[in-house]
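Step one of this worksheet: look at the structure below.
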2 protein chains.
Amino acid sequence: MAVERRSASSYRLHNVFLAGTAAVAGPKEGQGPLSGYFDRVWPDEGSEYPSYEKAEQALLQESETLALKKTGLEWSDIDLVLGGDLLDQLITTNFEARQHQRPLFGVFSACASFTEGLAIAGLMLGQGGPNTAMVTAVSHHLSAERQFRFPLELGYQRAPTASWTATAAGAAIVQRSSSDLQLDSITIGRVIDFGCRDPNDMPTAMAPAAVDTIRRHFQALGESEDDYDAIVTGDLGRFGVDLAQHMALDEYHLRLEQKLQDCGQLLYHIDEQDVHNGGSGPGCSAGVFSGYLARKLRDGSLKRILLVATGALFSPKSYQQGESIPAIAHAVAITRQGERS
Amino acid sequence: MAVERRSASSYRLHNVFLAGTAAVAGPKEGQGPLSGYFDRVWPDEGSEYPSYEKAEQALLQESETLALKKTGLEWSDIDLVLGGDLLDQLITTNFEARQHQRPLFGVFSACASFTEGLAIAGLMLGQGGPNTAMVTAVSHHLSAERQFRFPLELGYQRAPTASWTATAAGAAIVQRSSSDLQLDSITIGRVIDFGCRDPNDMPTAMAPAAVDTIRRHFQALGESEDDYDAIVTGDLGRFGVDLAQHMALDEYHLRLEQKLQDCGQLLYHIDEQDVHNGGSGPGCSAGVFSGYLARKLRDGSLKRILLVATGALFSPKSYQQGESIPAIAHAVAITRQGERS
C-alpha cells in the first residue's frame, strides 16, 4: 500500500521520492547566510525583464530548468506540474506553464503552496497515478510589494513584525523511482483564524496554524520532536518562531525549541539585512528547502526533517473590508534514504 | 489498481464515486432554464450580507451543507476539502473554511477549478488515500465584476462576446464507497495560449484549451464522442461552442456537434436574459453539474458525460500589462452506475 491513512489529515507514504531540487534566489537573498546553497543567485531583481511579473516568471522557469537538468529529465518526462505563487489568479505559475505545456494543477495556500504541492504529489503518486511530478513555488519581492502593500517608490516605514517577501523560486521533482530523499509522511493543514487583523503582523496570524499542524502530525503518526533533526516552519520569522514555541509548550506540552527552525529566519541575516521579522512568500520555503535543506539532507548533516510551510490567507480586499487573517500550514516529512526502514 | 495511467495526462479510475451533489444559485440563474434543478435559489444576490464577498462565502457554505445533508454525512466525515474560487488569494474558499476546519487544499484553474478539484480527488482516492473528499467551486456575479471589470454602478456596455459571471456554487462529495455516480476517468489540462488579448472575449481564448483536452482524453482512453451522451464544456458560451465544434472538426476530425453542450449556455435563456455570450465563473460548471447534470445522470436521462470545465488564466494586471490570455481545461468522465462494466 503506497499511501497509509493515519487520520483525516495525516498520511504515511511509501515509495515516494524527491529527485532533483533546485533553487534560484534574488540578490538580497544571495547576500544572506544561505548564499552558497542556491543553484543560482540573480545579480539584480531582474532588470532585463519588462516587468516584475515577467521577472518572477523567469525566476520560476530557471528553477524548473535546473531541477530537470539535475535529474537528467526532460519536460516530456514530467506527468504533472503542481505550482503556486502569490499573484492574483496565479499568473506566474499559469503564464510560465505556456512554455512547458505539461498537465498543470494550480495550487494556492499562499506561502504554504510549496508544501501543498508536495503533499498532493505524495498522495497521488500511489500505485498507478502520475509517475513524476514537478512541484514549484515562487515569489518576487517587487511584484508582491506592489500587489499587497504599497508602491516601493513611496518609501514607507515597515513595522518590526513585517515580513520581507523573498525573491526566490524552488522546484522539486517527485517520483516513484528510488532516489536519495524520501517523502515519507504528510499532514494537511486546516484553516485557523485567531482573529489577527494586522497585515503587518503575519507571524502572529500564522504561528497557531503551524503549531496545530505539527501537533496533529505527531499525534497521527505517533511521533514527537525526537523523530526529527529539524522542524522547519515557513515564514514565521523571529516573532512567529518564538510565539510557536511558547504556544506548543503551553498548550500541548511540546518542547520544540531545540528543533525549531524557520525558513524566513534562515534566509536572511535578520539583524543586518533590514528584513524586520524575516522572509516570507511562497518562494521562501520553496527556495530554502530546495536549496539549503535538501542539500543538508543529501550531505548527511540532516537525516529527517519536517517542513511546515505556513500561509496567511488574506487579500488586500479582505483586509480593507476589516476581515481577520486566517492561516494554514501543510507539513511534509523528508528523510535521507537509508536512515529509516 | 485504483488508478490506471493511460498517458501523462489521462487516467482511468476505479472505485471512485460521487455521492451527494448540491447546487445553490442566484436569482438570475434561478430564472434560467435550469431553475428547477438547483437545491436552492436565492431571492436576491445576498442583500443581507455586509459585502458581496461575504455573500459569496455564504453561497459556498450553503452548497456544502446541502451536499452533506443529502449524503447523511457530517463535516467530521470529510477527510479533505478541495475548493476554488475566482477572488484574489482564494478568499472565498479560505475564509469559508474557517467554519468547518477540515483539511483543505486550495486549487486554482479559474473557471475550471471544479474539475481540477474532482480530478485531484479522483487521483488521490486510490488505495489508502483520503476516504472522502468535498469538492467545491463558487462565484458571485457582483464580487467578480468589481474585481475583474468595472463597478456595476458605472453601467458600462458589455461586448457581445462578454460572459456573465454566474452567482452559483456547487459541491460534490467524492468517496470510495459505491454510489450512484462513478468518476471513471480524467484528463488533466495544459496551458494553451492562442494569443487572444481581449478580456471581453473569453470564448475565443478558452475554446482551443477545451478541444485540446477533449482530443487528448479520447486518444489516451481509446474513446470517441460515441462513448458519451453529452460532452459538456464549461463557460464557452455560444461563441465558444461554435468555435470549439469547428476547431475539433477541422483540426482533429472530431464530430462533436451532436454531443457538445456548454454549462454557460445551459444556465441562462441567452437571448432573453441579456447575458450575451453566456455564463462563466467557477460556480457555473460547478452549479450546472451539481444541480442539473448530476440529476440527469441519476434519473437515467444521461448515462455518461464528459465534463470539460474551462478556465481563462488571466488577471486584471496581466491584461493591463498587455499580456495574452492563456487557458486551461480539465475533463472528468462521470457514469451512472451499472451503465458500464
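The way I read the labels, and the way they are meant: chains A, B, ... in the order of the C-alpha cells, residue 1 as the first residue of every chain, and ligand 1 as the first ligand shown, with later ones counted on from there.
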Members of segment 143-313 of chain A assigned strand (DSSP E or B) by DSSP, as an MDAnalysis selection string: chainID A and resid 163:165 168:175 181:187 192 230:233 260:262 278:280 304:312
Could those selected residues go to a file with C-alpha atoms, as a PDB file, in the first residue's frame?
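Below is the file that was written, out08.pdb:
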```pdb
ATOM      1  CA  SER A 163       7.940  40.211   6.787  1.00  0.00           C
ATOM      2  CA  TRP A 164      10.045  40.617   3.667  1.00  0.00           C
ATOM      3  CA  THR A 165       8.646  38.807   0.652  1.00  0.00           C
ATOM      4  CA  ALA A 168      13.131  33.126  -4.737  1.00  0.00           C
ATOM      5  CA  ALA A 169      11.877  30.041  -6.522  1.00  0.00           C
ATOM      6  CA  GLY A 170      12.140  26.380  -5.643  1.00  0.00           C
ATOM      7  CA  ALA A 171      11.373  23.321  -7.729  1.00  0.00           C
ATOM      8  CA  ALA A 172      11.362  19.696  -6.680  1.00  0.00           C
ATOM      9  CA  ILE A 173      10.776  16.598  -8.759  1.00  0.00           C
ATOM     10  CA  VAL A 174       8.703  13.913  -7.046  1.00  0.00           C
ATOM     11  CA  GLN A 175       8.806  10.375  -8.367  1.00  0.00           C
ATOM     12  CA  LEU A 181      15.386  11.734  -0.424  1.00  0.00           C
ATOM     13  CA  GLN A 182      12.115  10.145   0.595  1.00  0.00           C
ATOM     14  CA  LEU A 183       8.823  11.952   1.180  1.00  0.00           C
ATOM     15  CA  ASP A 184       7.658   9.726   3.996  1.00  0.00           C
ATOM     16  CA  SER A 185       4.615  11.394   5.523  1.00  0.00           C
ATOM     17  CA  ILE A 186       2.384  14.434   5.258  1.00  0.00           C
ATOM     18  CA  THR A 187      -0.183  16.343   7.275  1.00  0.00           C
ATOM     19  CA  ILE A 192      -7.069  28.509  11.679  1.00  0.00           C
ATOM     20  CA  ALA A 230      14.810  19.768  12.486  1.00  0.00           C
ATOM     21  CA  ILE A 231      11.250  21.035  12.363  1.00  0.00           C
ATOM     22  CA  VAL A 232      11.380  23.837   9.834  1.00  0.00           C
ATOM     23  CA  THR A 233       8.437  26.191   9.648  1.00  0.00           C
ATOM     24  CA  LEU A 260      12.512  24.509  15.563  1.00  0.00           C
ATOM     25  CA  GLN A 261      13.972  26.471  12.672  1.00  0.00           C
ATOM     26  CA  ASP A 262      12.225  28.745  10.220  1.00  0.00           C
ATOM     27  CA  GLY A 278      12.265  37.731   8.354  1.00  0.00           C
ATOM     28  CA  GLY A 279      11.422  36.342   4.953  1.00  0.00           C
ATOM     29  CA  SER A 280       8.074  35.261   3.559  1.00  0.00           C
ATOM     30  CA  ARG A 304      14.997  13.696   8.684  1.00  0.00           C
ATOM     31  CA  ILE A 305      13.106  16.983   8.729  1.00  0.00           C
ATOM     32  CA  LEU A 306       9.537  18.159   8.977  1.00  0.00           C
ATOM     33  CA  LEU A 307       8.919  21.072   6.619  1.00  0.00           C
ATOM     34  CA  VAL A 308       5.890  23.049   7.785  1.00  0.00           C
ATOM     35  CA  ALA A 309       5.267  25.903   5.357  1.00  0.00           C
ATOM     36  CA  THR A 310       2.748  28.447   6.606  1.00  0.00           C
ATOM     37  CA  GLY A 311       0.403  30.671   4.652  1.00  0.00           C
ATOM     38  CA  ALA A 312      -1.621  33.754   5.585  1.00  0.00           C
TER      39      ALA A 312
END
```
LSQ fit chain A -> chain B, C-alpha in sequence order, output as a CSV table (one decimal) with C-alpha atoms, in the first residue's frame:
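Dumped everything to part.csv:
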```csv
chain,number,residue,atom,x,y,z
A,1,MET,CA,-5.3,-1.0,-9.2
A,2,ALA,CA,-7.4,2.1,-8.4
A,3,VAL,CA,-5.7,4.5,-10.8
A,4,GLU,CA,-4.7,3.4,-14.2
A,5,ARG,CA,-2.3,5.7,-16.1
A,6,ARG,CA,-3.2,6.0,-19.7
A,7,SER,CA,-0.9,8.9,-20.7
A,8,ALA,CA,0.9,11.7,-18.9
A,9,SER,CA,-2.4,13.5,-18.6
A,10,SER,CA,-5.2,10.8,-18.7
A,11,TYR,CA,-6.1,8.3,-16.1
A,12,ARG,CA,-8.8,5.6,-15.8
A,13,LEU,CA,-10.2,5.5,-12.2
A,14,HIS,CA,-11.7,2.5,-10.4
A,15,ASN,CA,-13.9,2.6,-7.4
A,16,VAL,CA,-14.2,6.4,-7.1
A,17,PHE,CA,-17.7,7.6,-6.7
A,18,LEU,CA,-19.7,10.8,-6.4
A,19,ALA,CA,-22.1,10.8,-3.5
A,20,GLY,CA,-24.1,13.9,-2.7
A,21,THR,CA,-24.0,16.8,-5.0
A,22,ALA,CA,-25.7,20.2,-4.3
A,23,ALA,CA,-26.0,23.4,-6.1
A,24,VAL,CA,-27.2,26.9,-4.9
A,25,ALA,CA,-27.8,29.7,-7.4
A,26,GLY,CA,-28.5,33.4,-7.5
A,27,PRO,CA,-31.8,35.0,-8.7
A,28,LYS,CA,-30.8,35.5,-12.3
A,29,GLU,CA,-29.7,31.9,-12.6
A,30,GLY,CA,-32.9,30.9,-10.9
A,31,GLN,CA,-34.8,32.5,-13.8
A,32,GLY,CA,-32.9,30.4,-16.3
A,33,PRO,CA,-33.8,27.1,-17.9
A,34,LEU,CA,-32.2,25.1,-15.0
A,35,SER,CA,-34.3,26.7,-12.3
A,36,GLY,CA,-35.9,23.6,-11.1
A,37,TYR,CA,-32.6,21.7,-10.8
A,38,PHE,CA,-31.0,23.8,-8.1
A,39,ASP,CA,-31.3,22.8,-4.5
A,40,ARG,CA,-31.9,26.4,-3.6
A,41,VAL,CA,-32.3,29.6,-5.5
A,42,TRP,CA,-31.5,32.9,-3.6
A,43,PRO,CA,-34.3,35.5,-3.9
A,44,ASP,CA,-31.6,38.2,-4.4
A,45,GLU,CA,-27.8,38.4,-4.6
A,46,GLY,CA,-27.4,38.2,-0.9
A,47,SER,CA,-28.6,41.6,0.3
A,48,GLU,CA,-28.5,40.5,3.9
A,49,TYR,CA,-24.7,40.2,3.9
A,50,PRO,CA,-22.4,43.2,4.5
A,51,SER,CA,-20.5,42.6,1.3
A,52,TYR,CA,-20.7,40.7,-2.0
A,53,GLU,CA,-17.6,38.7,-0.8
A,54,LYS,CA,-19.5,37.6,2.4
A,55,ALA,CA,-22.5,36.7,0.2
A,56,GLU,CA,-20.2,34.5,-1.9
A,57,GLN,CA,-18.9,32.7,1.2
A,58,ALA,CA,-22.5,32.1,2.3
A,59,LEU,CA,-23.4,30.7,-1.1
A,60,LEU,CA,-20.5,28.2,-0.9
A,61,GLN,CA,-21.3,27.2,2.7
A,62,GLU,CA,-24.9,26.5,1.7
A,63,SER,CA,-23.9,24.2,-1.1
A,64,GLU,CA,-21.6,22.3,1.2
A,65,THR,CA,-24.2,22.0,3.9
A,66,LEU,CA,-26.7,20.7,1.4
A,67,ALA,CA,-24.3,18.2,-0.1
A,68,LEU,CA,-23.5,16.8,3.4
A,69,LYS,CA,-27.2,16.6,4.3
A,70,LYS,CA,-28.0,14.7,1.1
A,71,THR,CA,-25.4,12.1,1.9
A,72,GLY,CA,-26.1,11.9,5.6
A,73,LEU,CA,-22.5,12.8,6.3
A,74,GLU,CA,-21.1,15.2,8.9
A,75,TRP,CA,-18.2,17.5,8.4
A,76,SER,CA,-16.2,15.2,10.6
A,77,ASP,CA,-16.6,12.5,7.9
A,78,ILE,CA,-14.9,14.7,5.3
A,79,ASP,CA,-11.1,14.0,5.1
A,80,LEU,CA,-10.3,16.7,2.6
A,81,VAL,CA,-11.8,19.8,1.0
A,82,LEU,CA,-10.6,20.8,-2.5
A,83,GLY,CA,-12.0,24.2,-3.3
A,84,GLY,CA,-11.6,27.0,-5.7
A,85,ASP,CA,-13.0,30.4,-6.5
A,86,LEU,CA,-12.2,33.5,-8.6
A,87,LEU,CA,-11.3,36.1,-6.0
A,88,ASP,CA,-7.7,37.2,-5.4
A,89,GLN,CA,-5.9,34.8,-3.0
A,90,LEU,CA,-9.0,32.5,-3.0
A,91,ILE,CA,-10.6,34.4,-0.1
A,92,THR,CA,-14.0,32.8,-0.5
A,93,THR,CA,-12.7,29.2,-0.2
A,94,ASN,CA,-10.2,30.1,2.5
A,95,PHE,CA,-12.4,32.3,4.7
A,96,GLU,CA,-15.4,29.9,4.4
A,97,ALA,CA,-13.0,27.0,5.5
A,98,ARG,CA,-12.8,28.6,9.0
A,99,GLN,CA,-16.2,27.2,9.9
A,100,HIS,CA,-15.5,23.6,9.0
A,101,GLN,CA,-11.8,23.4,9.8
A,102,ARG,CA,-11.3,20.3,7.7
A,103,PRO,CA,-8.0,19.6,5.9
A,104,LEU,CA,-8.0,22.0,2.9
A,105,PHE,CA,-6.2,22.2,-0.4
A,106,GLY,CA,-7.0,25.4,-2.3
A,107,VAL,CA,-7.0,24.9,-6.1
A,108,PHE,CA,-7.0,27.4,-8.9
A,109,SER,CA,-7.7,26.9,-12.6
A,110,ALA,CA,-10.0,29.9,-12.8
A,111,CYS,CA,-13.4,28.7,-14.1
A,112,ALA,CA,-12.0,25.2,-14.4
A,113,SER,CA,-11.4,24.9,-10.7
A,114,PHE,CA,-14.3,22.5,-10.1
A,115,THR,CA,-12.9,19.8,-12.5
A,116,GLU,CA,-9.4,20.4,-11.2
A,117,GLY,CA,-10.7,19.6,-7.7
A,118,LEU,CA,-12.6,16.5,-9.0
A,119,ALA,CA,-9.5,15.3,-10.8
A,120,ILE,CA,-7.3,15.7,-7.8
A,121,ALA,CA,-9.8,13.9,-5.6
A,122,GLY,CA,-10.1,11.1,-8.2
A,123,LEU,CA,-6.3,10.6,-8.4
A,124,MET,CA,-6.0,10.7,-4.6
A,125,LEU,CA,-8.7,8.3,-3.6
A,126,GLY,CA,-6.6,5.4,-4.7
A,127,GLN,CA,-6.0,2.7,-2.1
A,128,GLY,CA,-5.2,4.2,1.3
A,129,GLY,CA,-5.6,7.9,0.5
A,130,PRO,CA,-8.4,10.1,1.8
A,131,ASN,CA,-11.6,8.2,2.2
A,132,THR,CA,-14.0,11.1,1.4
A,133,ALA,CA,-13.4,14.5,-0.2
A,134,MET,CA,-15.6,17.5,-0.7
A,135,VAL,CA,-15.0,19.3,-4.0
A,136,THR,CA,-16.4,22.8,-4.3
A,137,ALA,CA,-16.3,25.8,-6.6
A,138,VAL,CA,-18.2,29.1,-6.4
A,139,SER,CA,-18.5,32.5,-8.0
A,140,HIS,CA,-20.7,35.6,-7.3
A,141,HIS,CA,-21.5,38.0,-10.1
A,142,LEU,CA,-21.1,41.1,-8.1
A,143,SER,CA,-17.8,40.3,-6.4
A,144,ALA,CA,-16.3,39.1,-9.7
A,145,GLU,CA,-17.5,42.1,-11.7
A,146,ARG,CA,-15.9,44.6,-9.4
A,147,GLN,CA,-12.6,42.7,-9.2
A,148,PHE,CA,-12.2,41.9,-12.9
A,149,ARG,CA,-14.1,44.6,-14.7
A,150,PHE,CA,-15.8,47.8,-13.5
A,151,PRO,CA,-18.0,48.8,-10.6
A,152,LEU,CA,-21.5,47.9,-11.6
A,153,GLU,CA,-22.7,51.4,-10.9
A,154,LEU,CA,-20.8,52.6,-14.0
A,155,GLY,CA,-23.4,51.0,-16.2
A,156,TYR,CA,-21.0,50.3,-19.0
A,157,GLN,CA,-22.0,48.4,-22.2
A,158,ARG,CA,-21.0,44.8,-22.5
A,159,ALA,CA,-19.5,43.3,-25.7
A,160,PRO,CA,-21.5,40.6,-27.5
A,161,THR,CA,-18.7,38.1,-26.7
A,162,ALA,CA,-18.6,39.0,-23.0
A,163,SER,CA,-19.6,36.4,-20.5
A,164,TRP,CA,-21.8,36.8,-17.4
A,165,THR,CA,-20.1,35.6,-14.2
A,166,ALA,CA,-22.7,33.3,-12.6
A,167,THR,CA,-23.8,33.6,-9.0
A,168,ALA,CA,-23.7,29.9,-8.2
A,169,ALA,CA,-22.0,27.3,-6.0
A,170,GLY,CA,-21.6,23.6,-6.5
A,171,ALA,CA,-20.4,20.9,-4.1
A,172,ALA,CA,-19.8,17.3,-4.7
A,173,ILE,CA,-18.7,14.6,-2.3
A,174,VAL,CA,-16.2,12.1,-3.7
A,175,GLN,CA,-15.8,8.7,-2.0
A,176,ARG,CA,-14.6,5.2,-2.4
A,177,SER,CA,-17.9,3.7,-1.1
A,178,SER,CA,-20.1,2.7,-4.0
A,179,SER,CA,-22.7,5.3,-5.0
A,180,ASP,CA,-24.9,6.0,-7.9
A,181,LEU,CA,-22.4,8.1,-9.9
A,182,GLN,CA,-18.9,6.9,-10.8
A,183,LEU,CA,-15.9,9.2,-11.6
A,184,ASP,CA,-14.4,6.9,-14.2
A,185,SER,CA,-11.7,8.8,-15.9
A,186,ILE,CA,-10.0,12.2,-16.0
A,187,THR,CA,-7.7,14.2,-18.3
A,188,ILE,CA,-5.6,17.0,-16.8
A,189,GLY,CA,-5.4,20.2,-18.8
A,190,ARG,CA,-2.4,22.0,-20.0
A,191,VAL,CA,-2.0,25.7,-20.6
A,192,ILE,CA,-2.8,26.8,-24.1
A,193,ASP,CA,-2.4,30.3,-25.3
A,194,PHE,CA,-3.6,31.3,-28.8
A,195,GLY,CA,-2.6,34.9,-28.3
A,196,CYS,CA,-6.1,36.3,-27.6
A,197,ARG,CA,-5.8,39.7,-25.8
A,198,ASP,CA,-9.4,40.7,-25.4
A,199,PRO,CA,-10.7,40.2,-21.8
A,200,ASN,CA,-14.2,40.6,-23.2
A,201,ASP,CA,-13.7,37.6,-25.4
A,202,MET,CA,-13.1,34.6,-23.2
A,203,PRO,CA,-14.8,32.1,-25.6
A,204,THR,CA,-12.1,32.5,-28.2
A,205,ALA,CA,-9.3,32.2,-25.6
A,206,MET,CA,-10.8,29.1,-24.0
A,207,ALA,CA,-12.1,27.0,-26.9
A,208,PRO,CA,-8.7,25.8,-28.0
A,209,ALA,CA,-8.0,24.5,-24.5
A,210,ALA,CA,-11.3,22.6,-24.4
A,211,VAL,CA,-10.6,21.0,-27.8
A,212,ASP,CA,-7.1,20.1,-26.8
A,213,THR,CA,-8.3,18.3,-23.6
A,214,ILE,CA,-11.2,16.5,-25.3
A,215,ARG,CA,-8.9,15.3,-28.1
A,216,ARG,CA,-6.2,14.1,-25.6
A,217,HIS,CA,-8.9,12.4,-23.5
A,218,PHE,CA,-10.3,10.4,-26.4
A,219,GLN,CA,-6.8,9.5,-27.6
A,220,ALA,CA,-5.5,8.3,-24.3
A,221,LEU,CA,-8.6,6.3,-23.4
A,222,GLY,CA,-9.3,5.0,-26.9
A,223,GLU,CA,-12.7,6.7,-26.8
A,224,SER,CA,-14.7,9.0,-29.1
A,225,GLU,CA,-17.8,11.2,-28.8
A,226,ASP,CA,-19.8,8.0,-29.3
A,227,ASP,CA,-18.8,6.9,-25.8
A,228,TYR,CA,-20.7,9.8,-24.2
A,229,ASP,CA,-24.3,11.0,-24.1
A,230,ALA,CA,-23.0,14.5,-23.7
A,231,ILE,CA,-19.7,16.4,-23.8
A,232,VAL,CA,-20.3,19.4,-21.6
A,233,THR,CA,-17.8,22.2,-21.7
A,234,GLY,CA,-17.7,24.9,-19.1
A,235,ASP,CA,-18.2,28.5,-19.9
A,236,LEU,CA,-17.5,28.6,-23.7
A,237,GLY,CA,-20.9,30.1,-24.3
A,238,ARG,CA,-22.5,30.4,-27.6
A,239,PHE,CA,-19.4,31.8,-29.5
A,240,GLY,CA,-17.0,29.3,-27.9
A,241,VAL,CA,-19.1,26.2,-28.5
A,242,ASP,CA,-19.3,27.1,-32.2
A,243,LEU,CA,-15.6,27.8,-32.3
A,244,ALA,CA,-14.8,24.5,-30.5
A,245,GLN,CA,-17.0,22.5,-32.8
A,246,HIS,CA,-15.3,23.9,-35.9
A,247,MET,CA,-11.8,23.5,-34.5
A,248,ALA,CA,-12.4,19.9,-33.4
A,249,LEU,CA,-13.7,19.1,-36.8
A,250,ASP,CA,-11.1,21.0,-38.9
A,251,GLU,CA,-8.0,20.0,-36.9
A,252,TYR,CA,-8.8,16.6,-35.4
A,253,HIS,CA,-11.8,15.3,-37.5
A,254,LEU,CA,-13.9,15.1,-34.3
A,255,ARG,CA,-17.6,15.5,-34.9
A,256,LEU,CA,-18.8,16.9,-31.6
A,257,GLU,CA,-21.8,18.9,-32.7
A,258,GLN,CA,-24.4,16.2,-31.7
A,259,LYS,CA,-22.9,15.8,-28.3
A,260,LEU,CA,-21.5,19.2,-27.3
A,261,GLN,CA,-23.3,21.2,-24.7
A,262,ASP,CA,-21.9,24.0,-22.5
A,263,CYS,CA,-22.6,25.0,-18.9
A,264,GLY,CA,-22.5,28.7,-19.8
A,265,GLN,CA,-25.2,28.1,-22.4
A,266,LEU,CA,-27.3,25.8,-20.3
A,267,LEU,CA,-27.5,28.1,-17.4
A,268,TYR,CA,-29.4,31.0,-19.0
A,269,HIS,CA,-32.0,31.8,-21.6
A,270,ILE,CA,-29.2,33.5,-23.5
A,271,ASP,CA,-31.4,35.6,-25.8
A,272,GLU,CA,-33.8,36.8,-23.2
A,273,GLN,CA,-31.6,37.2,-20.1
A,274,ASP,CA,-29.1,39.7,-21.6
A,275,VAL,CA,-26.1,37.5,-20.7
A,276,HIS,CA,-24.5,38.0,-24.2
A,277,ASN,CA,-22.2,35.0,-24.7
A,278,GLY,CA,-23.4,33.0,-21.7
A,279,GLY,CA,-22.4,32.2,-18.2
A,280,SER,CA,-19.0,31.9,-16.7
A,281,GLY,CA,-17.2,31.7,-13.3
A,282,PRO,CA,-16.1,28.7,-11.3
A,283,GLY,CA,-19.6,28.4,-9.9
A,284,CYS,CA,-21.1,28.0,-13.5
A,285,SER,CA,-19.8,24.5,-14.2
A,286,ALA,CA,-19.9,23.5,-10.5
A,287,GLY,CA,-23.5,24.6,-10.2
A,288,VAL,CA,-24.7,23.2,-13.6
A,289,PHE,CA,-23.0,19.9,-12.9
A,290,SER,CA,-24.0,19.6,-9.2
A,291,GLY,CA,-27.6,20.7,-9.9
A,292,TYR,CA,-28.7,19.8,-13.4
A,293,LEU,CA,-26.2,17.2,-14.9
A,294,ALA,CA,-25.9,15.1,-11.8
A,295,ARG,CA,-29.7,14.8,-11.6
A,296,LYS,CA,-29.9,13.9,-15.3
A,297,LEU,CA,-27.4,11.2,-14.7
A,298,ARG,CA,-29.3,10.0,-11.6
A,299,ASP,CA,-32.7,9.8,-13.3
A,300,GLY,CA,-31.2,7.9,-16.3
A,301,SER,CA,-31.7,10.6,-19.0
A,302,LEU,CA,-27.9,10.8,-19.2
A,303,LYS,CA,-25.8,7.7,-18.8
A,304,ARG,CA,-22.2,9.0,-19.2
A,305,ILE,CA,-20.9,12.5,-19.7
A,306,LEU,CA,-17.6,14.2,-20.1
A,307,LEU,CA,-17.5,17.5,-18.1
A,308,VAL,CA,-14.8,19.8,-19.5
A,309,ALA,CA,-14.7,22.9,-17.4
A,310,THR,CA,-12.6,25.7,-19.0
A,311,GLY,CA,-10.6,28.5,-17.3
A,312,ALA,CA,-9.1,31.7,-18.6
A,313,LEU,CA,-6.0,32.3,-16.6
A,314,PHE,CA,-5.6,36.0,-16.7
A,315,SER,CA,-5.7,38.7,-14.1
A,316,PRO,CA,-6.6,42.4,-14.4
A,317,LYS,CA,-2.9,43.1,-14.0
A,318,SER,CA,-1.8,40.7,-16.8
A,319,TYR,CA,-4.3,42.3,-19.1
A,320,GLN,CA,-3.2,45.8,-18.2
A,321,GLN,CA,0.4,44.8,-19.0
A,322,GLY,CA,-0.7,43.7,-22.5
A,323,GLU,CA,-0.4,40.0,-21.9
A,324,SER,CA,-2.4,37.5,-23.8
A,325,ILE,CA,-4.9,35.2,-22.1
A,326,PRO,CA,-3.8,31.6,-21.6
A,327,ALA,CA,-6.5,29.0,-20.9
A,328,ILE,CA,-6.8,25.5,-19.4
A,329,ALA,CA,-9.5,22.8,-19.4
A,330,HIS,CA,-9.7,19.7,-17.1
A,331,ALA,CA,-12.0,16.9,-18.1
A,332,VAL,CA,-13.8,14.3,-15.8
A,333,ALA,CA,-16.0,11.5,-17.1
A,334,ILE,CA,-18.9,10.6,-15.0
A,335,THR,CA,-21.0,7.5,-15.4
A,336,ARG,CA,-24.3,6.4,-14.0
A,337,GLN,CA,-23.6,3.2,-12.0
A,338,GLY,CA,-24.4,0.0,-13.8
A,339,GLU,CA,-24.2,1.6,-17.2
A,340,ARG,CA,-20.6,0.4,-17.9
A,341,SER,CA,-18.7,-2.6,-16.6
```
Considering only helix (DSSP H, G or I) as DSSP defines it on the backbone, what residues of segment 160-233 of chain B qualify? List them as a PyMOL selection string. chain B and resi 202-221+225-227
Since we have the selection now, will you write its residues out, keeping C-alpha atoms, as a PDB file, in the first residue's frame?
```pdb
ATOM      1  CA  MET B 202     -13.119  34.558 -23.178  1.00  0.00           C
ATOM      2  CA  PRO B 203     -14.774  32.106 -25.598  1.00  0.00           C
ATOM      3  CA  THR B 204     -12.056  32.534 -28.206  1.00  0.00           C
ATOM      4  CA  ALA B 205      -9.330  32.219 -25.594  1.00  0.00           C
ATOM      5  CA  MET B 206     -10.807  29.079 -23.997  1.00  0.00           C
ATOM      6  CA  ALA B 207     -12.161  27.022 -26.909  1.00  0.00           C
ATOM      7  CA  PRO B 208      -8.690  25.786 -28.011  1.00  0.00           C
ATOM      8  CA  ALA B 209      -7.984  24.505 -24.484  1.00  0.00           C
ATOM      9  CA  ALA B 210     -11.299  22.621 -24.398  1.00  0.00           C
ATOM     10  CA  VAL B 211     -10.645  20.988 -27.761  1.00  0.00           C
ATOM     11  CA  ASP B 212      -7.087  20.073 -26.757  1.00  0.00           C
ATOM     12  CA  THR B 213      -8.294  18.343 -23.596  1.00  0.00           C
ATOM     13  CA  ILE B 214     -11.180  16.508 -25.293  1.00  0.00           C
ATOM     14  CA  ARG B 215      -8.870  15.281 -28.039  1.00  0.00           C
ATOM     15  CA  ARG B 216      -6.232  14.071 -25.591  1.00  0.00           C
ATOM     16  CA  HIS B 217      -8.884  12.391 -23.450  1.00  0.00           C
ATOM     17  CA  PHE B 218     -10.270  10.437 -26.400  1.00  0.00           C
ATOM     18  CA  GLN B 219      -6.833   9.498 -27.639  1.00  0.00           C
ATOM     19  CA  ALA B 220      -5.465   8.275 -24.307  1.00  0.00           C
ATOM     20  CA  LEU B 221      -8.561   6.286 -23.385  1.00  0.00           C
ATOM     21  CA  GLU B 225     -17.768  11.182 -28.818  1.00  0.00           C
ATOM     22  CA  ASP B 226     -19.839   7.985 -29.262  1.00  0.00           C
ATOM     23  CA  ASP B 227     -18.829   6.903 -25.754  1.00  0.00           C
TER      24      ASP B 227
END
```
